[in-house]
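upload28.txt (compact mmCIF, C-alpha atoms)
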# COMPACT_ATOMS: atom_id res chain seq x y z
CA MET A 1 -14.70 -92.50 -13.69
CA ALA A 2 -17.83 -90.79 -15.02
CA ALA A 3 -18.62 -91.13 -18.70
CA LYS A 4 -18.17 -88.02 -20.77
CA GLN A 5 -21.42 -86.35 -21.71
CA SER A 6 -22.15 -86.17 -25.41
CA VAL A 7 -22.56 -82.77 -27.11
CA SER A 8 -25.00 -81.98 -29.92
CA LEU A 9 -23.21 -80.52 -32.96
CA GLN A 10 -26.44 -78.89 -34.11
CA LYS A 11 -26.96 -77.14 -30.77
CA GLN A 12 -23.31 -76.05 -30.67
CA LEU A 13 -23.52 -74.53 -34.17
CA ILE A 14 -26.77 -72.70 -33.34
CA LYS A 15 -25.33 -71.53 -30.02
CA THR A 16 -22.07 -70.29 -31.58
CA SER A 17 -23.81 -68.50 -34.47
CA LEU A 18 -26.42 -66.90 -32.22
CA LEU A 19 -23.86 -65.82 -29.61
CA SER A 20 -21.77 -64.19 -32.35
CA ALA A 21 -24.83 -62.28 -33.55
CA ILE A 22 -25.75 -61.29 -29.99
CA TRP A 23 -22.23 -60.01 -29.27
CA ALA A 24 -22.21 -58.04 -32.52
CA GLY A 25 -25.65 -56.61 -31.71
CA LEU A 26 -24.67 -55.68 -28.15
CA ILE A 27 -21.48 -53.97 -29.33
CA SER A 28 -23.55 -52.04 -31.90
CA LEU A 29 -26.07 -51.15 -29.19
CA PHE A 30 -23.36 -49.88 -26.83
CA LEU A 31 -21.78 -47.86 -29.63
CA MET A 32 -25.17 -46.40 -30.49
CA VAL A 33 -25.75 -45.49 -26.85
CA GLY A 34 -22.33 -43.81 -26.77
CA PHE A 35 -22.86 -41.86 -29.99
CA GLY A 36 -26.45 -41.08 -28.97
CA LEU A 37 -25.35 -39.72 -25.60
CA TYR A 38 -22.66 -37.63 -27.27
CA HIS A 39 -25.24 -36.23 -29.71
CA VAL A 40 -27.77 -35.46 -26.93
CA MET A 41 -25.05 -33.77 -24.86
CA SER A 42 -24.10 -31.56 -27.81
CA VAL A 43 -27.72 -30.64 -28.60
CA HIS A 44 -28.57 -29.81 -24.98
CA ASP A 45 -25.39 -27.76 -24.58
CA GLU A 46 -26.44 -25.78 -27.68
CA LEU A 47 -29.90 -25.33 -26.13
CA MET A 48 -28.24 -23.94 -23.00
CA ASP A 49 -26.32 -21.47 -25.18
CA GLU A 50 -29.54 -20.50 -26.96
CA VAL A 51 -31.48 -20.01 -23.71
CA ALA A 52 -28.61 -17.92 -22.31
CA ASP A 53 -28.54 -15.73 -25.46
CA MET A 54 -32.32 -15.28 -25.31
CA LEU A 55 -32.19 -14.29 -21.64
CA ILE A 56 -29.49 -11.68 -22.26
CA ALA A 57 -31.22 -10.33 -25.36
CA THR A 58 -34.79 -10.35 -23.94
CA ASP A 59 -36.47 -7.10 -22.93
CA LEU A 60 -37.70 -8.05 -19.49
CA THR A 61 -40.38 -5.31 -19.63
CA GLN A 62 -42.11 -7.30 -22.41
CA VAL A 63 -43.76 -10.69 -22.21
CA ASN A 64 -41.04 -12.47 -24.20
CA GLY A 65 -40.00 -14.84 -21.44
CA LYS A 66 -42.79 -17.30 -22.24
CA GLN A 67 -40.72 -19.11 -24.89
CA ILE A 68 -37.79 -19.38 -22.49
CA ASP A 69 -40.01 -20.87 -19.78
CA GLU A 70 -41.38 -23.42 -22.25
CA LEU A 71 -37.85 -24.48 -23.21
CA SER A 72 -36.67 -24.70 -19.62
CA GLU A 73 -39.71 -26.75 -18.60
CA GLU A 74 -39.48 -29.09 -21.60
CA PHE A 75 -35.78 -29.81 -21.10
CA ASP A 76 -35.81 -29.55 -17.27
CA MET A 77 -33.45 -26.54 -17.26
CA HIS A 78 -33.22 -24.09 -14.36
CA TYR A 79 -31.84 -20.61 -14.95
CA GLN A 80 -31.01 -17.34 -13.12
CA LEU A 81 -30.27 -13.91 -14.60
CA PHE A 82 -28.24 -11.40 -12.57
CA ARG A 83 -27.13 -7.81 -13.07
CA GLY A 84 -24.21 -7.63 -10.74
CA SER A 85 -25.53 -9.20 -7.56
CA ASP A 86 -29.18 -8.33 -8.24
CA LEU A 87 -31.41 -11.22 -9.36
CA LEU A 88 -33.45 -10.04 -12.32
CA THR A 89 -35.34 -13.24 -13.14
CA GLN A 90 -35.25 -17.00 -12.66
CA SER A 91 -37.08 -20.13 -13.81
CA GLU A 92 -40.37 -20.95 -12.09
CA LYS A 93 -39.09 -24.13 -10.35
CA ASN A 94 -35.78 -22.78 -9.06
CA GLU A 95 -36.98 -23.12 -5.49
CA GLU A 96 -37.08 -26.93 -6.03
CA VAL A 97 -33.35 -27.18 -6.76
CA ASN A 98 -30.18 -26.25 -4.99
CA THR A 99 -28.92 -23.23 -6.90
CA THR A 100 -25.45 -23.74 -5.46
CA ALA A 101 -24.96 -26.15 -8.36
CA MET A 102 -24.92 -23.13 -10.68
CA ALA A 103 -21.58 -22.64 -12.41
CA ILE A 104 -19.22 -20.08 -10.96
CA GLU A 105 -17.14 -19.92 -14.14
CA ASN A 106 -18.11 -19.19 -17.71
CA GLY A 107 -18.73 -22.17 -20.01
CA HIS A 108 -20.09 -25.70 -19.53
CA HIS A 109 -19.22 -27.77 -16.47
CA PHE A 110 -20.22 -30.94 -14.63
CA VAL A 111 -21.32 -30.41 -11.03
CA TRP A 112 -22.23 -32.96 -8.35
CA SER A 113 -24.96 -31.71 -6.03
CA ASP A 114 -27.88 -33.15 -4.09
CA GLY A 115 -26.78 -36.70 -4.81
CA GLN A 116 -26.83 -36.38 -8.59
CA LEU A 117 -24.78 -35.09 -11.50
CA TRP A 118 -25.69 -31.80 -13.16
CA ARG A 119 -24.64 -29.97 -16.31
CA SER A 120 -24.12 -26.25 -15.64
CA TYR A 121 -23.50 -23.27 -17.90
CA GLN A 122 -22.63 -19.61 -17.23
CA GLN A 123 -22.44 -16.69 -19.66
CA GLN A 124 -21.69 -12.98 -19.03
CA ASP A 125 -22.42 -10.04 -21.34
CA ASP A 126 -22.93 -6.29 -20.77
CA GLY A 127 -22.99 -6.69 -17.01
CA LEU A 128 -25.52 -9.49 -17.17
CA THR A 129 -24.77 -13.00 -15.89
CA VAL A 130 -26.80 -16.05 -16.92
CA GLN A 131 -26.53 -19.33 -14.99
CA ILE A 132 -28.27 -22.51 -16.20
CA ILE A 133 -28.27 -26.05 -14.78
CA GLN A 134 -29.83 -29.31 -15.99
CA PRO A 135 -29.74 -32.84 -14.42
CA ILE A 136 -27.66 -35.27 -16.47
CA GLU A 137 -30.39 -37.84 -15.80
CA LYS A 138 -32.61 -35.97 -18.26
CA ARG A 139 -30.05 -36.37 -21.03
CA VAL A 140 -29.41 -40.05 -20.23
CA LEU A 141 -33.14 -40.86 -20.28
CA GLU A 142 -33.56 -39.11 -23.60
CA THR A 143 -30.64 -41.13 -25.00
CA LEU A 144 -32.10 -44.41 -23.74
CA GLN A 145 -35.51 -43.58 -25.19
CA SER A 146 -33.93 -42.94 -28.56
CA VAL A 147 -32.17 -46.36 -28.61
CA MET A 148 -35.01 -48.34 -26.99
CA GLY A 149 -36.65 -48.88 -30.35
CA TYR A 150 -33.39 -50.17 -31.79
CA ALA A 151 -33.01 -52.59 -28.85
CA GLY A 152 -36.53 -53.92 -29.45
CA ILE A 153 -35.84 -54.42 -33.14
CA LEU A 154 -32.54 -56.11 -32.27
CA LEU A 155 -34.35 -58.56 -29.96
CA ILE A 156 -36.84 -59.44 -32.70
CA VAL A 157 -33.96 -59.94 -35.16
CA TRP A 158 -32.25 -62.31 -32.70
CA LEU A 159 -35.44 -64.38 -32.33
CA ILE A 160 -35.88 -64.58 -36.10
CA GLN A 161 -32.21 -65.49 -36.50
CA TRP A 162 -32.53 -68.28 -33.90
CA LEU A 163 -35.50 -69.72 -35.77
CA LEU A 164 -33.75 -69.53 -39.15
CA LEU A 165 -30.54 -71.03 -37.74
CA HIS A 166 -32.48 -73.89 -36.17
CA ILE A 167 -34.24 -74.70 -39.44
CA TYR A 168 -31.26 -74.17 -41.75
CA ILE A 169 -28.62 -75.99 -39.65
CA LYS A 170 -30.99 -78.89 -38.99
CA ARG A 171 -31.53 -79.19 -42.74
CA GLN A 172 -27.79 -79.00 -43.43
CA LEU A 173 -26.99 -81.66 -40.81
CA LYS A 174 -29.72 -84.00 -42.03
CA VAL A 175 -27.05 -85.80 -44.05
CA LEU A 176 -25.32 -86.74 -40.76
CA ASN A 177 -28.51 -88.38 -39.50
CA ILE A 178 -28.80 -90.26 -42.80
CA PHE A 179 -25.14 -91.28 -42.51
CA SER A 180 -25.65 -92.48 -38.93
CA ALA A 181 -28.76 -94.47 -39.90
CA LYS A 182 -26.94 -96.16 -42.78
CA ILE A 183 -24.05 -97.12 -40.48
CA ALA A 184 -26.50 -98.53 -37.90
CA GLN A 185 -28.08 -100.71 -40.61
CA LYS A 186 -24.79 -102.41 -41.40
CA SER A 187 -24.28 -105.99 -40.23
CA ALA A 188 -22.14 -108.99 -41.08
CA ASP A 189 -24.64 -109.78 -43.85
CA ASP A 190 -24.54 -106.27 -45.35
CA LEU A 191 -21.14 -104.59 -45.66
CA ALA A 192 -21.82 -102.82 -48.97
CA PRO A 193 -20.36 -99.30 -49.38
CA ILE A 194 -22.41 -96.48 -47.89
CA LYS A 195 -23.83 -94.04 -50.44
CA LEU A 196 -25.06 -90.59 -49.46
CA PRO A 197 -27.29 -88.14 -51.38
CA HIS A 198 -25.51 -85.37 -53.26
CA PRO A 199 -24.29 -82.76 -52.66
CA ILE A 200 -22.29 -84.19 -49.78
CA LEU A 201 -20.52 -82.06 -47.18
CA ASP A 202 -16.81 -81.63 -47.94
CA GLU A 203 -15.94 -82.47 -44.31
CA LEU A 204 -17.98 -85.69 -44.50
CA ALA A 205 -16.57 -87.04 -47.77
CA PRO A 206 -13.22 -88.29 -46.30
CA ILE A 207 -15.09 -90.04 -43.46
CA GLN A 208 -17.39 -91.75 -45.94
CA THR A 209 -14.43 -92.86 -48.07
CA GLN A 210 -12.45 -94.26 -45.14
CA LEU A 211 -15.51 -95.96 -43.64
CA ASN A 212 -16.32 -97.67 -46.93
CA TYR A 213 -12.70 -98.80 -47.15
CA LEU A 214 -12.98 -100.19 -43.61
CA LEU A 215 -16.22 -102.01 -44.49
CA GLN A 216 -14.51 -103.54 -47.52
CA ARG A 217 -11.61 -104.82 -45.40
CA LEU A 218 -14.03 -106.10 -42.77
CA GLU A 219 -15.99 -107.99 -45.41
CA LEU A 220 -12.80 -109.62 -46.68
CA SER A 221 -11.83 -110.57 -43.11
CA LEU A 222 -15.24 -112.11 -42.44
CA GLN A 223 -15.09 -114.06 -45.68
CA ALA A 224 -11.65 -115.37 -44.71
CA GLU A 225 -12.96 -116.30 -41.24
CA GLN A 226 -15.95 -118.12 -42.73
CA ARG A 227 -13.68 -120.04 -45.08
CA PHE A 228 -11.42 -120.93 -42.16
CA THR A 229 -14.40 -122.08 -40.09
CA ALA A 230 -15.65 -124.30 -42.90
CA ASP A 231 -12.18 -125.70 -43.59
CA ALA A 232 -11.41 -126.22 -39.89
CA SER A 233 -14.70 -128.02 -39.39
CA HIS A 234 -13.80 -130.52 -42.07
CA GLU A 235 -10.02 -130.72 -41.79
CA LEU A 236 -9.79 -130.95 -37.99
CA ARG A 237 -12.88 -132.87 -37.01
CA SER A 238 -12.21 -135.78 -39.35
CA PRO A 239 -8.64 -136.51 -38.07
CA LEU A 240 -9.79 -136.23 -34.45
CA SER A 241 -12.61 -138.71 -35.09
CA ALA A 242 -10.14 -141.06 -36.79
CA ILE A 243 -7.78 -140.81 -33.80
CA GLN A 244 -10.65 -141.66 -31.45
CA MET A 245 -11.45 -144.78 -33.47
CA ARG A 246 -7.80 -145.89 -33.56
CA LEU A 247 -7.51 -145.39 -29.81
CA GLN A 248 -10.49 -147.71 -29.29
CA VAL A 249 -8.76 -150.35 -31.43
CA LEU A 250 -5.47 -149.92 -29.54
CA LYS A 251 -7.22 -150.25 -26.18
CA ARG A 252 -8.66 -153.62 -27.22
CA ARG A 253 -5.39 -154.80 -28.76
CA TYR A 254 -3.06 -153.63 -25.98
CA PRO A 255 -4.92 -153.81 -22.65
CA ASP A 256 -1.66 -153.50 -20.72
CA ILE A 257 -1.24 -149.86 -21.80
CA GLN A 258 -4.94 -149.03 -21.57
CA GLN A 259 -4.36 -146.43 -18.84
CA ASP A 260 -1.95 -144.45 -21.01
CA LEU A 261 -4.33 -144.71 -23.96
CA GLU A 262 -7.19 -143.35 -21.82
CA VAL A 263 -5.08 -140.28 -20.99
CA ILE A 264 -4.49 -139.73 -24.71
CA GLN A 265 -8.18 -140.28 -25.43
CA LYS A 266 -9.14 -137.64 -22.82
CA ASP A 267 -6.79 -135.17 -24.50
CA VAL A 268 -8.33 -135.94 -27.90
CA THR A 269 -11.84 -135.59 -26.44
CA ARG A 270 -10.88 -132.24 -24.96
CA GLY A 271 -9.45 -131.14 -28.32
CA THR A 272 -12.69 -132.16 -30.04
CA ARG A 273 -14.72 -130.21 -27.49
CA VAL A 274 -12.54 -127.12 -27.92
CA LEU A 275 -12.96 -127.36 -31.69
CA GLU A 276 -16.74 -127.66 -31.44
CA ASN A 277 -16.92 -124.70 -29.04
CA LEU A 278 -14.76 -122.59 -31.35
CA LEU A 279 -17.03 -123.40 -34.27
CA ILE A 280 -20.08 -122.41 -32.21
CA LEU A 281 -18.44 -119.10 -31.27
CA ALA A 282 -17.53 -118.42 -34.89
CA ARG A 283 -21.09 -118.97 -36.07
CA LEU A 284 -22.83 -116.83 -33.45
CA ASP A 285 -23.23 -113.09 -34.03
CA PRO A 286 -24.53 -111.53 -30.79
CA THR A 287 -25.71 -108.38 -32.62
CA ASP A 288 -27.95 -110.27 -35.04
CA THR A 289 -30.94 -111.38 -32.96
CA ALA A 290 -32.97 -111.95 -36.13
CA GLN A 291 -30.84 -114.99 -37.01
CA VAL A 292 -32.27 -116.90 -34.01
CA GLU A 293 -35.57 -118.70 -34.55
CA LYS A 294 -37.54 -118.64 -31.30
CA GLN A 295 -40.67 -120.38 -30.11
CA LYS A 296 -42.44 -121.07 -26.84
CA ALA A 297 -40.63 -123.76 -24.87
CA ASP A 298 -40.35 -124.98 -21.28
CA LEU A 299 -37.15 -123.74 -19.62
CA GLN A 300 -37.48 -126.41 -16.93
CA GLN A 301 -37.60 -129.19 -19.53
CA VAL A 302 -34.47 -127.86 -21.27
CA THR A 303 -32.68 -127.66 -17.90
CA LEU A 304 -33.62 -131.25 -17.03
CA GLN A 305 -32.39 -132.49 -20.42
CA ALA A 306 -29.02 -130.78 -19.89
CA PHE A 307 -28.81 -132.17 -16.36
CA GLU A 308 -29.60 -135.73 -17.51
CA ALA A 309 -26.87 -135.53 -20.15
CA LEU A 310 -24.35 -134.65 -17.42
CA GLN A 311 -25.73 -136.95 -14.71
CA PRO A 312 -22.96 -139.58 -15.11
CA PHE A 313 -20.30 -136.89 -14.75
CA ALA A 314 -22.00 -135.54 -11.61
CA ASP A 315 -22.35 -139.04 -10.11
CA GLU A 316 -18.67 -139.70 -10.76
CA LYS A 317 -17.73 -136.69 -8.61
CA GLY A 318 -20.42 -137.38 -6.02
CA THR A 319 -22.03 -133.98 -6.64
CA HIS A 320 -25.17 -133.25 -4.60
CA TRP A 321 -27.95 -131.48 -6.49
CA LYS A 322 -30.70 -129.12 -5.43
CA MET A 323 -33.12 -127.87 -8.08
CA ASN A 324 -35.87 -125.36 -7.29
CA THR A 325 -37.48 -125.39 -10.73
CA PHE A 326 -41.00 -125.39 -12.13
CA PRO A 327 -42.58 -125.33 -15.61
CA LEU A 328 -41.77 -121.98 -17.19
CA HIS A 329 -42.59 -121.29 -20.84
CA ILE A 330 -40.73 -118.48 -22.60
CA ASN A 331 -39.82 -117.47 -26.14
CA MET A 332 -36.42 -119.01 -26.93
CA ASN A 333 -34.33 -121.12 -29.23
CA SER A 334 -34.35 -124.43 -27.36
CA GLU A 335 -31.16 -125.79 -28.95
CA LEU A 336 -29.08 -122.70 -28.15
CA ILE A 337 -30.46 -122.39 -24.61
CA TYR A 338 -29.74 -126.09 -24.11
CA THR A 339 -26.11 -125.50 -25.18
CA CYS A 340 -25.87 -122.51 -22.83
CA ILE A 341 -27.34 -124.34 -19.81
CA ARG A 342 -25.33 -127.49 -20.49
CA ASN A 343 -22.08 -125.48 -20.58
CA LEU A 344 -22.91 -123.74 -17.30
CA ILE A 345 -23.92 -126.98 -15.54
CA ASP A 346 -20.79 -128.67 -16.89
CA ASN A 347 -18.65 -125.83 -15.49
CA ALA A 348 -20.42 -126.01 -12.13
CA ILE A 349 -19.74 -129.76 -11.85
CA ARG A 350 -16.11 -129.43 -12.99
CA TYR A 351 -15.20 -126.69 -10.53
CA THR A 352 -17.11 -128.15 -7.56
CA PRO A 353 -14.96 -130.17 -5.13
CA GLU A 354 -15.65 -133.87 -4.56
CA GLN A 355 -18.96 -134.37 -2.73
CA GLY A 356 -19.76 -130.72 -3.40
CA LYS A 357 -23.11 -129.08 -4.02
CA VAL A 358 -24.70 -127.50 -7.10
CA GLN A 359 -27.96 -125.58 -6.86
CA ILE A 360 -30.24 -124.37 -9.68
CA ASP A 361 -33.07 -121.88 -9.04
CA PHE A 362 -35.83 -120.30 -11.12
CA ILE A 363 -37.24 -116.84 -10.32
CA ASP A 364 -40.39 -115.75 -12.16
CA GLU A 365 -40.73 -111.97 -12.57
CA LEU A 366 -43.31 -109.83 -14.38
CA LYS A 367 -41.56 -109.53 -17.75
CA THR A 368 -38.45 -111.65 -17.25
CA VAL A 369 -37.34 -114.97 -15.80
CA ILE A 370 -34.14 -115.65 -13.90
CA TRP A 371 -32.19 -118.91 -14.27
CA GLN A 372 -29.53 -119.18 -11.58
CA ILE A 373 -26.83 -121.73 -10.81
CA GLU A 374 -24.28 -121.72 -7.97
CA ASN A 375 -21.85 -124.21 -6.50
CA THR A 376 -19.62 -124.81 -3.52
CA GLY A 377 -15.96 -123.95 -3.72
CA LEU A 378 -12.94 -122.46 -2.01
CA GLY A 379 -13.84 -118.89 -2.86
CA LEU A 380 -12.80 -116.58 -5.69
CA THR A 381 -11.13 -113.19 -5.74
CA GLU A 382 -12.85 -110.21 -7.36
CA GLN A 383 -10.18 -110.17 -10.08
CA GLU A 384 -10.83 -113.83 -10.92
CA ILE A 385 -14.59 -113.25 -11.09
CA GLN A 386 -14.12 -110.31 -13.47
CA ARG A 387 -12.03 -112.44 -15.85
CA ILE A 388 -14.49 -115.33 -15.98
CA GLY A 389 -16.09 -115.18 -19.40
CA GLU A 390 -12.87 -114.34 -21.24
CA ARG A 391 -12.07 -116.85 -23.92
CA PHE A 392 -9.71 -119.63 -22.80
CA TYR A 393 -9.45 -118.17 -19.30
CA ARG A 394 -9.06 -120.79 -16.58
CA ILE A 395 -8.31 -120.11 -12.93
CA LEU A 396 -4.64 -120.73 -12.13
CA GLY A 397 -3.87 -123.64 -9.83
CA ASN A 398 -7.02 -125.50 -10.82
CA LYS A 399 -6.33 -128.97 -12.23
CA THR A 400 -9.84 -129.35 -13.65
CA GLU A 401 -9.91 -130.00 -17.37
CA GLY A 402 -11.79 -127.51 -19.53
CA SER A 403 -11.55 -125.37 -22.63
CA GLY A 404 -12.26 -122.00 -21.02
CA LEU A 405 -14.97 -121.30 -23.60
CA GLY A 406 -18.16 -122.43 -21.85
CA VAL A 407 -19.10 -119.07 -20.29
CA SER A 408 -18.11 -117.16 -23.46
CA ILE A 409 -20.51 -119.28 -25.51
CA ALA A 410 -23.24 -118.86 -22.88
CA GLN A 411 -22.81 -115.07 -22.95
CA LYS A 412 -23.19 -114.96 -26.72
CA ILE A 413 -26.31 -117.13 -26.64
CA ILE A 414 -27.91 -114.97 -23.94
CA GLN A 415 -27.10 -111.80 -25.92
CA LEU A 416 -28.85 -113.35 -28.92
CA HIS A 417 -31.93 -113.73 -26.71
CA GLN A 418 -31.63 -110.07 -25.58
CA GLY A 419 -30.92 -111.18 -22.04
CA THR A 420 -28.13 -110.62 -19.52
CA LEU A 421 -25.64 -112.91 -17.80
CA GLU A 422 -24.19 -111.80 -14.46
CA ILE A 423 -21.33 -113.46 -12.56
CA ALA A 424 -20.78 -113.08 -8.83
CA ALA A 425 -19.44 -114.92 -5.80
CA SER A 426 -21.83 -117.45 -4.27
CA GLN A 427 -22.69 -117.75 -0.60
CA LEU A 428 -21.95 -121.46 -1.02
CA GLY A 429 -18.29 -120.55 -1.54
CA GLY A 430 -18.06 -120.99 -5.30
CA LEU A 431 -19.53 -119.08 -8.21
CA LYS A 432 -23.04 -117.80 -8.91
CA ILE A 433 -24.17 -117.22 -12.49
CA GLN A 434 -27.51 -115.53 -13.04
CA ILE A 435 -29.24 -115.39 -16.43
CA ARG A 436 -32.11 -112.97 -17.00
CA LEU A 437 -34.26 -113.67 -20.08
CA PRO A 438 -37.29 -111.79 -21.43
CA LYS A 439 -40.49 -113.83 -21.52
CA ASN A 440 -41.49 -112.58 -24.97
Please go through the file and, once you have read it, give me the structure as structure tokens.
Amino acid sequence: MAAKQSVSLQKQLIKTSLLSAIWAGLISLFLMVGFGLYHVMSVHDELMDEVADMLIATDLTQVNGKQIDELSEEFDMHYQLFRGSDLLTQSEKNEEVNTTAMAIENGHHFVWSDGQLWRSYQQQDDGLTVQIIQPIEKRVLETLQSVMGYAGILLIVWLIQWLLLHIYIKRQLKVLNIFSAKIAQKSADDLAPIKLPHPILDELAPIQTQLNYLLQRLELSLQAEQRFTADASHELRSPLSAIQMRLQVLKRRYPDIQQDLEVIQKDVTRGTRVLENLLILARLDPTDTAQVEKQKADLQQVTLQAFEALQPFADEKGTHWKMNTFPLHINMNSELIYTCIRNLIDNAIRYTPEQGKVQIDFIDELKTVIWQIENTGLGLTEQEIQRIGERFYRILGNKTEGSGLGVSIAQKIIQLHQGTLEIAASQLGGLKIQIRLPKN
């Protein structure tokens, strides 16, 4: 399932505000075009009336038709004047148009002729008949020219509005960026209430209040956990150590029940190991990389130390080893990496069958190094592999003793070193764990 794409609130606000202004401007523009066209139609119809009156009233024996010709040429009007069926006069460019578009009834009419729409007018008086036509295109163009300036101004206003919205909304939402930065700065060591500069947005105030309340509860929970960790370390470790000592005494005093006592001692040892692992998990914060002191150290040397510590365990199971390692110095906390590697080697030995094989490899890359361990086994399902790393998870049907915390601890340690830990099935039949660590 694809992750949902995030949406910028700032962009959405600018987009919504600007679209509202554009819609309002376009509606105004269309209304202006409509009213403008209506006004032009009325004016040109009045001009037709005026030209018709002038033609009827003009003494054709005098040179008074010049003004009429100027009007007809300026407004692209074509006229004819008849007395009965005799043509008395017509506009100069009448031969360029189809005079069949002339009105056959008195008044104004729309006529379709020669592939375009015309406005026609006819008037009769004292036996004279005046017919005038004009292409509607002329009126539409005049209307568009009159609103073109408004459209240009509207475009400039939209550009200015976009700029002002971008500046103003960005300034108004600056408090969100401050809020986000303050939240990002919070850690287990700093859970103080978040304070924002005034005036604060009304919509943001409840979020700030609830978040500060959550931080307060989280701080109390962490304090309780720290107290529990300290108390558990003292209250549980001491009795377990005392039990171990008493078991040693009982084994010497009652050798006939030594086998039963060894079973009890293994259980106590396992309980001690679980306790120590829990304490390690409680102390590690994978988000706080600054708490880890790092220095240049040899990863091969740390691996060999962990292997030597577990050599008796491996010999007991008859585990065969193959190590393709070489000196490799990286920036790390040697103690934590030792704990991580020891846990993973311990797991590999535990879950490898008798006389099985464990292999450790190093891979040196440009900016990272890869530490890899894999073992033989009976094979794992994809579901089992996905659950490895969960706290206390152990594969069902496996009689191997373990706490189920080794991989969880390793994951936390690798996160503290800004690395990655990947788990997959091994070609040897068991499990392959690959750690990728940055060199610096």
Atomic separation - atom CA of Glu105 of chain A relative to atom CA of Leu141 of chain A, Å: 27.1 Å
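Candidate residues A:Lys432, A:His108, A:Lys15, A:His39 were compared for distance to Ser146 of chain A, and the nearest is A:His39, using all atoms listed in the file.
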Residue nearest Ile370 of chain A among A:Asp346, A:Thr352, A:Leu336, A:Leu421 (counting all atoms listed in the file): A:Leu421
List the neighbours of Gln411 of chain A out to 8 Å using only C-alpha atoms; skip same-chain residues closer than 4 positions along the sequence, and give me the result as a PDB file with C-alpha atoms, in the frame of the given file.
ATOM      1  CA  GLY A 389     -16.090-115.180 -19.400  1.00  0.00           C
ATOM      2  CA  VAL A 407     -19.100-119.070 -20.290  1.00  0.00           C
ATOM      3  CA  GLN A 415     -27.100-111.800 -25.920  1.00  0.00           C
ATOM      4  CA  THR A 420     -28.130-110.620 -19.520  1.00  0.00           C
ATOM      5  CA  LEU A 421     -25.640-112.910 -17.800  1.00  0.00           C
TER       6      LEU A 421
END
Å distance separating atom CA of Glu73 of chain A from atom CA of Gly152 of chain A, one decimal place: 29.4 Å
Shortest interatomic distance to Leu261 of chain A - which of A:Ala425, A:Met148, A:Ala188, A:Ile243, counting all atoms listed in the file: A:Ile243
Please identify all polymer residues within 10 Å of Ala410 of chain A, counting all atoms listed in the file, omitting same-chain residues fewer than 3 positions from it, and present them as a tab-separated table (two decimals) with C-alpha atoms, in the coordinates of the input.
chain	number	residue	atom	x	y	z
A	281	LEU	CA	-18.44	-119.10	-31.27
A	336	LEU	CA	-29.08	-122.70	-28.15
A	337	ILE	CA	-30.46	-122.39	-24.61
A	338	TYR	CA	-29.74	-126.09	-24.11
A	339	THR	CA	-26.11	-125.50	-25.18
A	340	CYS	CA	-25.87	-122.51	-22.83
A	341	ILE	CA	-27.34	-124.34	-19.81
A	342	ARG	CA	-25.33	-127.49	-20.49
A	343	ASN	CA	-22.08	-125.48	-20.58
A	344	LEU	CA	-22.91	-123.74	-17.30
A	389	GLY	CA	-16.09	-115.18	-19.40
A	405	LEU	CA	-14.97	-121.30	-23.60
A	406	GLY	CA	-18.16	-122.43	-21.85
A	407	VAL	CA	-19.10	-119.07	-20.29
A	413	ILE	CA	-26.31	-117.13	-26.64
A	414	ILE	CA	-27.91	-114.97	-23.94
A	415	GLN	CA	-27.10	-111.80	-25.92
A	416	LEU	CA	-28.85	-113.35	-28.92
A	421	LEU	CA	-25.64	-112.91	-17.80
A	435	ILE	CA	-29.24	-115.39	-16.43
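With only C-alpha atoms as the atoms that count, the minimum distance from Gly419 of chain A to the choices A:Val369, A:Val157, A:Ile167, A:Leu47 is reached by A:Val369.
Among A:Glu92, A:Asp86, A:Glu50, A:Glu203, the residue with the shortest atom-to-atom distance to Gln122 of chain A, counting all atoms listed in the file, is A:Glu50.
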What would segment 375-382 of chain A look like with N, CA and C atoms in place, written as an mmCIF file, in the coordinates of the input?
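Okay, this is what ended up in out_9.cif:
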data_model
loop_
_atom_site.group_PDB
_atom_site.id
_atom_site.type_symbol
_atom_site.label_atom_id
_atom_site.label_comp_id
_atom_site.auth_asym_id
_atom_site.auth_seq_id
_atom_site.Cartn_x
_atom_site.Cartn_y
_atom_site.Cartn_z
ATOM 1 N N ASN A 375 -22.493 -122.995 -7.006
ATOM 2 C CA ASN A 375 -21.850 -124.210 -6.500
ATOM 3 C C ASN A 375 -20.958 -123.903 -5.313
ATOM 4 N N THR A 376 -20.560 -124.964 -4.634
ATOM 5 C CA THR A 376 -19.620 -124.810 -3.520
ATOM 6 C C THR A 376 -18.209 -124.671 -4.083
ATOM 7 N N GLY A 377 -17.329 -124.130 -3.280
ATOM 8 C CA GLY A 377 -15.960 -123.950 -3.720
ATOM 9 C C GLY A 377 -15.122 -123.334 -2.625
ATOM 10 N N LEU A 378 -13.886 -123.006 -2.984
ATOM 11 C CA LEU A 378 -12.940 -122.460 -2.010
ATOM 12 C C LEU A 378 -12.912 -120.942 -2.023
ATOM 13 N N GLY A 379 -13.797 -120.346 -2.803
ATOM 14 C CA GLY A 379 -13.840 -118.890 -2.860
ATOM 15 C C GLY A 379 -13.020 -118.342 -4.014
ATOM 16 N N LEU A 380 -13.472 -117.220 -4.559
ATOM 17 C CA LEU A 380 -12.800 -116.580 -5.690
ATOM 18 C C LEU A 380 -12.534 -115.126 -5.373
ATOM 19 N N THR A 381 -11.431 -114.608 -5.905
ATOM 20 C CA THR A 381 -11.130 -113.190 -5.740
ATOM 21 C C THR A 381 -11.964 -112.380 -6.729
ATOM 22 N N GLU A 382 -12.088 -111.089 -6.461
ATOM 23 C CA GLU A 382 -12.850 -110.210 -7.360
ATOM 24 C C GLU A 382 -12.208 -110.162 -8.738
#
